[in-house]
Structures are given as structure tokens and as C-alpha cells.
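Peer 1: Here it is, the structure in full.
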Amino acid sequence: MMRTDSVFLKACRREPVPYTPVWIMRQAGRYMKSYRDIRSKVSFMELCKNKELASEVTVRAAEQLGVDAAIIFSDILLIAEPMGLKLEYDTPQGPAIRGGISTKEQVDRIPEVRPEETLAFVADAVRLTRARLKPDLPLIGFCGAPFTLGAYLIEGGGSKQFVRTKQWIKDDAGAWHALMEKLVRGLAGYLKMQVAAGADALQIFDSWAGCLSPQEYRDYALPHSQALIRAVGNKVPIIYFGTGTAPFLKEFASAGADVIGVDSQIGLNAAWDIIGPQKAIQGNLDPQILFSTPELIEQEVKKILDQADGRPGHIFNLGHGILPATPEENASALVEIVHRLSRTASGK
């Protein structure tokens, strides 16, 4: 079978499929013993930059779970280093960016990102992974969205209130847009590089967009997501995922992606009604459900599949990344349940 005929890529194109494809955000991660074993020997940064190890955890997770797409093991913040900032992962507060952005002058001094020179290890991992995966299994490349990355650079790490980011936007919108434009240029080249290396689809993570009001999203995030998606082009399907986007989901869906990823704070059917039938949709099981029993997981999966109602263009996923303490057997059970129930529903 040609990879373009895979159920995942067909669903991205809203073509009929014999069963609903499924993959899991962060499917290669801390909940897996094999991943923890590798991480006990190397730092997170070393794992990201070692093509052999990044490829190994990517392929092993896809094969163990039986998912319909692999996603390259990497991180959205890696682009901070080529921008001249210091990136640290193993801190008690999570990822930290030292020397963060606080003035327009600092934005002007950020070098243009040349991914082929500074992020070539990601392309190397994509190429090696593509060679190791089954020929018919698609590989997803990814990056962070301009808004989410910009907020990280300004906050210097994780945030709940995004006070610095919102103040920065209000105080100097020109500096914000200049930062966004620089990020768009770097990210566009980064995504194109991943496609050239063998990625069959791309996902753009706007994980923090939900901190914005609908008007703020329209003014300060949407134009830059649109610019990024336009710059990447339509060589492969693009998924645009965010959390907390229900208040502005229609605008979120207008960014230009082929597939809209939604979180579990809105029903799949309600989300698809807002997005419209011309877009595929990805989601949206609450990750917490994977801590329950296979019986309860099956009940919740059925609810989402019933909401999709067999319409072409549904990719099953969680409403956010899989949680670190998730039982491995429940992640595997989820994939089996989605395949079995959706095959039954389609009569195949």
C-alpha cells in the first residue's frame, strides 16, 4: 500500500476510510518504561539531539501501540537555541528559557533561524525514522505555533496567567508582531526541512492559545498562524492543534490548516459544527480517561465515535498529550478499541 493511501492521510484529506485512524499526542513519552529506561541514561536534550535515540523511541512507541501514524520525537522549544537563547529542560519547574525576550531591541538582535544549519539533527532523526518505520506508516513532523513559542520566550518558561506576555502585547504591539514575524520565518523553514527529510504530515501546536480572549487571538495570534501555514504550503496535510480554543474555534479553524485538533472541553460534534464540514477534525478524548478501566475507556470512545457519526475526516486522538503516569496497557487498549468500534460502525 502506498503511504498516501494510509487511513491517517486519507482522513486528513476527508476521504472515506474503513476505520477511524488514531494516534496519541506524546505517544513516545514518560508513561512508557522503554522511554524511561533510555531517559535514565541521557538528558532530555541529548535524547532530542541524538538521531538514533530519537528515532528509536519514535518507532518503538508507534509499533507498541499499533497507532496509524508516528510522530517524530522532538520538542517545540528547540528553536529557542538557534535564536540565541539558553534552553534548559531538567529544572524543577519544567523547561526554562534563560535570557528571555523583554524589549524590541532584543527582538531586533535575535538572529534569523537557519534550520538546515542549527536544527539539522531533527531532519536527521526524521530521515532515520522514515527508513526504520513500516513503509506504509505515516510520520508526523511538528513545531510550536508562533503565539505559543512567543509566549514561552517572553515568560521564560511555563505560565498560568501569562502576565508578561499580555502586558508586552499591550505595551508594544509592534515589538510583538516583529517577534512573531521572525518566528514565522524560522518555523516555516523548519517545517519545510522536516517535509524534505520525509515527514508525511505536520502538526502545529498552539498549546497556549487558550489564554487569549477571542479578540486577542484574532489580533495577536491568528494572523501569524495563517502566515506560517501559507508559507509552508500544501505539500503535506497540516494539523493545527490548540487547547482552550472553544471560545474562538471558528477563527482558529480559519488559520488554513487541513485538520483542526480540538481539546476535550467541547464535544466533538459541537466543535465540528463550528469548524464546518470542509475541514477534518482531530480529537478529543480526555487524557484522564486513560486512568480508568478498559470498559469505561470503551464507553467514552464510543461517545466520540457516535458524535463523529462516520463522517469522513475524523482522526481519533486525546484532547491533549498523554499524561506521564498513564498505564501503558490502557494506551494500547485505546488504539484497539478505536479500531474495533469504528470498523464495526462502518460494517467492515
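Labels for the C-alpha cells follow display order: chains A, B, ..., residues from 1 in each chain, ligands from 1.
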Using only C-alpha atoms, which protein or nucleic acid residues come within 10 Å of A:Pro111? Drop anything in the same chain fewer than 2 positions from it, and give the result as a list in words.

Peer 2: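 Neighbouring residues, sequence-local ones excluded: Pro82, Met83, Gly84, Val107, Asp108, Arg109, Val113, Arg114, Lys182 and Gly186 of chain A.
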
Peer 1: Could those selected residues go to a file with C-alpha atoms, as an mmCIF file, in the first residue's frame?

Peer 2:
data_model
loop_
_atom_site.group_PDB
_atom_site.id
_atom_site.type_symbol
_atom_site.label_atom_id
_atom_site.label_comp_id
_atom_site.auth_asym_id
_atom_site.auth_seq_id
_atom_site.Cartn_x
_atom_site.Cartn_y
_atom_site.Cartn_z
ATOM 1 C CA PRO A 82 19.171 28.995 17.304
ATOM 2 C CA MET A 83 17.538 32.269 18.400
ATOM 3 C CA GLY A 84 20.435 32.830 20.784
ATOM 4 C CA VAL A 107 13.828 41.143 19.184
ATOM 5 C CA ASP A 108 15.902 43.012 16.616
ATOM 6 C CA ARG A 109 19.051 41.234 17.829
ATOM 7 C CA VAL A 113 16.891 30.895 12.237
ATOM 8 C CA ARG A 114 18.528 28.738 9.561
ATOM 9 C CA LYS A 182 10.775 36.408 12.909
ATOM 10 C CA GLY A 186 12.220 30.358 11.157
#

Peer 1: Counting only C-alpha atoms, what are the residues of stretch 53-73 of chain A within 9 Å of stretch 43-47 of chain A, and for each of them which pair of atoms is the nearest and at what distance in Å, to one decimal? Sort the table by chain and rising number, as a tab-separated table.

Peer 2:
residue	atom	partner	partner_atom	distance
A:Leu53	CA	A:Leu47	CA	5.9
A:Ala54	CA	A:Leu47	CA	5.9
A:Phe73	CA	A:Leu47	CA	8.6

Peer 1: I need the chosen residues saved as a CSV table (one decimal), in the first residue's frame, with N, CA and C atoms.

Peer 2:
chain,number,residue,atom,x,y,z
A,53,LEU,N,18.6,7.7,19.1
A,53,LEU,CA,17.7,7.6,20.2
A,53,LEU,C,16.3,8.2,19.9
A,54,ALA,N,16.3,9.3,19.3
A,54,ALA,CA,15.0,10.0,18.9
A,54,ALA,C,14.3,9.1,18.0
A,73,PHE,N,10.0,12.2,17.6
A,73,PHE,CA,10.3,12.6,19.0
A,73,PHE,C,11.2,13.9,18.9

Peer 1: Write out as JSON, numbers by chain which residues come within 8 Å of A:Leu228 when counting only C-alpha atoms, dropping same-chain ones fewer than 3 positions away.

Peer 2: {"A": [184, 185, 187, 188, 224, 225, 231, 232]}

Peer 1: Just list the residues in stretch 190-328 of chain A DSSP gives strand (DSSP E) on the backbone, as number ranges by chain.

Peer 2: A: 201-206, 238-242, 259-261, 280-282, 314-315

Peer 1: Determine, counting only C-alpha atoms, which protein, DNA and RNA residues have an atom within 6 Å of an atom of stretch 267-275 of chain A; residues of the same chain fewer than 4 positions away are not included. Present the result as a list in words.

Peer 2: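 Answer for this query is Lys250, Ala253 and Gln307 of chain A.
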
Peer 1: Include N, CA and C atoms and write out the residues we just selected as a JSON list (two decimals), in the first residue's frame.

Peer 2:
[["chain", "number", "residue", "atom", "x", "y", "z"],
["A", 250, "LYS", "N", -14.08, 29.00, 15.59],
["A", 250, "LYS", "CA", -14.32, 29.33, 14.17],
["A", 250, "LYS", "C", -13.11, 30.09, 13.61],
["A", 253, "ALA", "N", -10.09, 27.78, 13.30],
["A", 253, "ALA", "CA", -10.19, 26.92, 12.11],
["A", 253, "ALA", "C", -9.90, 27.68, 10.82],
["A", 307, "GLN", "N", -20.44, 10.75, 17.96],
["A", 307, "GLN", "CA", -20.54, 12.16, 17.59],
["A", 307, "GLN", "C", -19.95, 12.40, 16.20]]

Peer 1: Give the answer as one residue: which of A:Arg218, A:Lys235, A:Ser207, A:Ser74 has the shortest atom-to-atom distance to A:Thr4, using only C-alpha atoms?

Peer 2: A:Lys235

Peer 1: So what do you get for atom CA of A:Glu88 versus atom CA of A:Arg39, distance-wise?

Peer 2: 15.4 Å
